[in-house]
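In what follows, a structure is listed as structure tokens, so that the remarks can point back to it.
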Amino acid sequence: MPRKLLLLPPLSVSSAFRAPRACPAARPAMNAARTGYRVFSANSTAACTELAKRITERLGAELGKSVVYQETNGETRVEIQESVRGQDIFIIQTIPRDVNTAVMELLIMAYALKTACARNIIGVIPYFPYSKQSKMRKRGSIVCKLLASMLAKAGLTHIITMDLHQKEIQGFFSFPVDNLRASPFLLQYIQEEIPNYRNAVIVAKSPDAAKRAQSYAERLRLGLAVIHGEAQCAEMDMDDGRHSPPMVKNATVHPGLELPLMMAKEKPPITVVGDVGGRIAIIVDDIIDDVESFVAAAEILKERGAYRIYVMATHGILSAEAPRLIEESSIDEVVVTNTVPHEVQKLQCPKIKTVDISLILSEAIRRIHNGESMAYLFRNITVDD
């Protein structure tokens, strides 16, 4: 009986030399290696690393090893001295007086971490620089939008900041932005550190700051006062638009085209809307930089009968002669957070007090790294806060 041959399908070269599959047991080890995180400071000076050290202490972590310095020709050099491959990296950058150097430090460090294969690069920038240049002024430019594009190009994938000067700035970025609030810490300071605060009134030094002041007044169940008049120079009153084509005398107008003339603004005499007589006046704002307007507001409130005056702001830039002007003014105390280094100014003026906000920044870092919701940090926060 003839034997039947069993024909097997031809063995292809690709199947014969197919690479073996990776062992499933090896995958968790690789993922576990990528779940770490590191916190770096983008500035090596003692004043700027203070906030970073406070944050790492709360997180129970060590500050990442890096060196940031200026070469003799003024160029910024950044050296990352440990492996960051596959990790979540948080760069803490506080903005000192030399803003442009701080921006370059942040950009160069972000790019260095990107080329070192970091998984995510999150910038922790409590005070976002150039936030006041977020609107078009004549033939100027929106520098804040430019900076947002530069940070994205450098490699940042997320930003944690605090009390942006304009909340619409978040729309300039192509990645997530968490705009935290310092108001809970300042409200706590008012309740615990200001004696007889129930006899206080919250003051807005201009109509533009009225929403913020109203938020404070409603949460503390206090009265509200607004300073309005010719002594104020509100940002909204500045010329807007490019004036193109330029204004020319005796310019020819198309026949039959008569546009209505915009009336020039004329501010009324200085007035205080609200009663401050025999009360504690608490002026609130987001930034205190040039203090002339705050000093003028304090003088007006003194004239109206306020017996004690506080100024509270998130970002205490306090540039130029701010410490001396505060010391010589009717202001009794200036309370700011440590989003911006101001230890030198505190030595020059004992009226300046600091509120630590490292707690909320460290909690934001922990939640972002663990993939937890950020809603807890925005409890009872409204659009006007």
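In the structure tokens, the first chain shown is A, the next is B, and so on; residue numbers restart at 1 for each chain, and ligands run from 1 in the order shown.
Within 7 Å of segment 295-301 of chain A there are Lys205, Val291, Gly305, Ala306, Ile309, Ser329, Ser330 and Ile331 of chain A, counting only C-alpha atoms and ignoring same-chain residues fewer than 4 positions away.
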* Would you mind writing down, as number ranges by chain, each residue of segment 111-266 of chain A that DSSP on the backbone assigns to helix (DSSP H, G or I)? => A: 111-115, 143-154, 167-172, 183-193, 197-199, 207-220, 235-237
* Quick one: of A:Glu168, A:Glu105, A:Asp163, A:Glu192, who's nearest to Thr76 of chain A, counting only C-alpha atoms? ->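 Checking each of A:Glu168, A:Glu105, A:Asp163, A:Glu192 against Thr76 of chain A, counting only C-alpha atoms, the winner is A:Glu105.
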* **Selection: 6 Å around segment 142-145 of chain A, only C-alpha atoms, excl. self and same-chain fewer than 2 positions, as a VMD selection string** => chain A and resid 130 to 131 133 to 136 147 to 148 172
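Nearest residue to Pro176 of chain A, choosing from A:Ala213, A:Leu63, A:Ile121, A:Ile190 and counting only C-alpha atoms: A:Ile121.
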* Can you pull out every residue within 12 Å of Glu82 of chain A, counting only C-alpha atoms, but drop anything in the same chain fewer than 4 positions away, and send it as a PyMOL selection string? => chain A and resi 38-40+63-67+87+89+112-113+116+118
* Proximity to Thr354 of chain A - best of A:Val284, A:Met374, A:Tyr189, A:Asp385, only C-alpha atoms ->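 The shortest atom-to-atom distance to Thr354 of chain A comes from A:Tyr189.
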* Identify all residues of segment 49-157 of chain A in strand (DSSP E or B) (DSSP on the backbone) and supply them as an MDAnalysis selection string. => chainID A and resid 63 66:70 76:80 88:92 120:125 137
* Asked: Which of these residues is nearest to Arg212 of chain A, using only C-alpha atoms: A:Asp286, A:Glu62, A:Glu193, A:Asp98?
  ->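 Nearest candidate to Arg212 of chain A out of A:Asp286, A:Glu62, A:Glu193, A:Asp98: A:Asp286.
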If you count only C-alpha atoms, which residues fall within 9 Å of Phe173 of chain A, apart from same-chain ones fewer than 4 positions away, as a PDB file with N, CA, C and O atoms, in the first residue's frame?
```pdb
ATOM      1  N   LYS A 145       2.291  86.503  24.977  1.00  0.00           N
ATOM      2  CA  LYS A 145       2.012  85.433  24.004  1.00  0.00           C
ATOM      3  C   LYS A 145       3.308  84.890  23.426  1.00  0.00           C
ATOM      4  O   LYS A 145       3.453  83.671  23.210  1.00  0.00           O
ATOM      5  N   ALA A 148       4.882  82.578  25.953  1.00  0.00           N
ATOM      6  CA  ALA A 148       4.170  81.297  26.014  1.00  0.00           C
ATOM      7  C   ALA A 148       4.600  80.382  24.875  1.00  0.00           C
ATOM      8  O   ALA A 148       4.798  79.170  25.077  1.00  0.00           O
ATOM      9  N   SER A 149       4.775  80.931  23.685  1.00  0.00           N
ATOM     10  CA  SER A 149       5.222  80.125  22.546  1.00  0.00           C
ATOM     11  C   SER A 149       6.652  79.635  22.747  1.00  0.00           C
ATOM     12  O   SER A 149       6.984  78.501  22.388  1.00  0.00           O
ATOM     13  N   LEU A 151       8.158  78.991  25.612  1.00  0.00           N
ATOM     14  CA  LEU A 151       8.175  77.928  26.619  1.00  0.00           C
ATOM     15  C   LEU A 151       7.718  76.601  26.023  1.00  0.00           C
ATOM     16  O   LEU A 151       8.275  75.542  26.332  1.00  0.00           O
ATOM     17  N   ALA A 152       6.706  76.651  25.163  1.00  0.00           N
ATOM     18  CA  ALA A 152       6.245  75.421  24.513  1.00  0.00           C
ATOM     19  C   ALA A 152       7.321  74.860  23.592  1.00  0.00           C
ATOM     20  O   ALA A 152       7.542  73.647  23.543  1.00  0.00           O
ATOM     21  N   ILE A 169      -4.716  85.105  29.909  1.00  0.00           N
ATOM     22  CA  ILE A 169      -3.371  84.686  29.503  1.00  0.00           C
ATOM     23  C   ILE A 169      -3.306  83.173  29.333  1.00  0.00           C
ATOM     24  O   ILE A 169      -2.504  82.667  28.530  1.00  0.00           O
ATOM     25  N   VAL A 177      -2.544  74.850  31.804  1.00  0.00           N
ATOM     26  CA  VAL A 177      -2.072  75.863  32.756  1.00  0.00           C
ATOM     27  C   VAL A 177      -2.959  75.810  33.995  1.00  0.00           C
ATOM     28  O   VAL A 177      -4.180  75.918  33.886  1.00  0.00           O
TER      29      VAL A 177
END
```
* Kindly indicate which residue among A:Pro129, A:Pro195, A:Gly223, A:Gly155 lies nearest to Asn100 of chain A, using only C-alpha atoms for the distances. =>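 Once distances to Asn100 of chain A are computed over only C-alpha atoms, the minimum belongs to A:Pro129.
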* Asked: Any idea what the distance is between atom CA of Phe90 of chain A and atom CA of Gly36 of chain A?
  ->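 Atom CA of Phe90 of chain A sits 11.3 Å away from atom CA of Gly36 of chain A.
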* Asked: Which residues come within 7 Å of Val78 of chain A, counting only C-alpha atoms, excluding same-chain residues fewer than 2 positions away, as a list in words?
  -> Val67, Val68, Tyr69, Thr76, Ile80, Ile108 and Met109 of chain A
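For the pair atom CA of Asn73 of chain A and atom CA of Ser41 of chain A, the interatomic distance is 22.7 Å.
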